Amino acid sequence: MQGDTSALLRGLYDALYAAYGPQGWWPGETPTEVAIGAILVQNTNWQNVEKAIARLREAGMLEWRALDAVPAEDLAELIRPAGYYQVKARRLKNLVRWVCGEHGGELEELRRSARSTDALREELLGINGIGPETADSILLYALEQATFVVDTYTARVAGRHGLIGPEAVDYGELKALFEDHLPREIELFKEYHALLVAVGKRHCRPQARCAGCPLECFPRSMSVE
DNA sequence: TGCCAGGCCGGGT
DNA sequence: ACCCGGCATGGC
């Protein structure tokens with residue numbers, strides 16, 4: 001049965017990759033930018049996040065020490081286009097405090113540290129404002145840890161195509177499904193998540209049509225949500 | 001025009 | 001252990 005799941009997940013990936021090609025998600029951006037974006041994107045359109053990041057760049061705020069020094073209310077104003085800007089400013093500050101406080105203000109130091117992925121994950125989850133998805137996004141895309149990111153699109157696609165039952169999706173279960181049945185390769189995890197978002201945006205949004213979905217003819221695709 | 005976007009927290013049952 | 005309201009802007 002494990003082989004079936006592995007083959008299913010692999011086939012899904014191949015179908016998505018054939019349709020959309022490499023996504024190169026969060027390309028050309030520094031790990032710092034990635035980590036900041038992970039918080040700003042919470043329940044928010046990425047387009048809005050780009051505006052906020054552009055404002056941060058203009059202000060010279062894409063750097064941990066600068067973020068540490070700026071007053072929270074100024075930071076809030078800068079990231080306003082991302083929405084929820086008051087809470088996100090607080091959450092960003094919490095992350096900054098973690099990076100600057102005990103980790104020298106550089107993600108590179110963290111990335112090279114001997115800590116296990118699980119240890120880093122627990123630390124991130126201990127920060128107010130960082131939940132499972134934000135933590136895993138930072139781990140995978142900024143700290144180069146082989147951890148699978150689950151988001152609403154992942155859940156929708158998984159539900160739609162029978163990877164999981166009709167029951168409410170548990171983050172951990174879905175995460176484990178991918179991690180336990182795929183080779184634990186960072187690049188694969190990065191691309192897989194990005195491809196799930198790509199197909200999710202086009203075909204698994206509430207209004208989106210299934211027609212033209214590259215997974216349309218995929219096995220077990222008839223079950224809904 | 002309304003609905004939605006790559007969550008998470010805190011308080012109430 | 002769930003369930004819910006709150007948080008906010010900008011694009012289609």
# chains A, B, ... in the order shown; residues from 1 in each chain; ligands from 1
call {"tool": "interface_residues", "arguments": {"of": "chain A", "to": "chain C", "cutoff": "9 Å", "atoms": "only C-alpha atoms (C1' of nucleotides)", "output": "ChimeraX atom specification"}}
result
/A:44-45,47-48,80-87
call {"tool": "interface_residues", "arguments": {"of": "chain B", "to": "chain A", "cutoff": "6 Å", "atoms": "only C-alpha atoms (C1' of nucleotides)", "output": "MDAnalysis selection string"}}
result
chainID B and resid 5 7:8
call {"tool": "atom_distance", "arguments": {"atom1": "atom CA of Glu173 of chain A", "atom2": "atom CA of Ala211 of chain A"}}
result
28.8 Å
call {"tool": "atom_distance", "arguments": {"atom1": "atom CA of Arg121 of chain A", "atom2": "atom C1' of DG10 of chain B"}}
result
22.3 Å
call {"tool": "select_by_dssp", "arguments": {"residues": "chain A", "states": "alpha helix (DSSP H)", "output": "ChimeraX atom specification"}}
result
/A:2-20,31-40,46-58,64-69,72-78,85-103,107-112,117-125,132-137,152-160,171-181,186-203
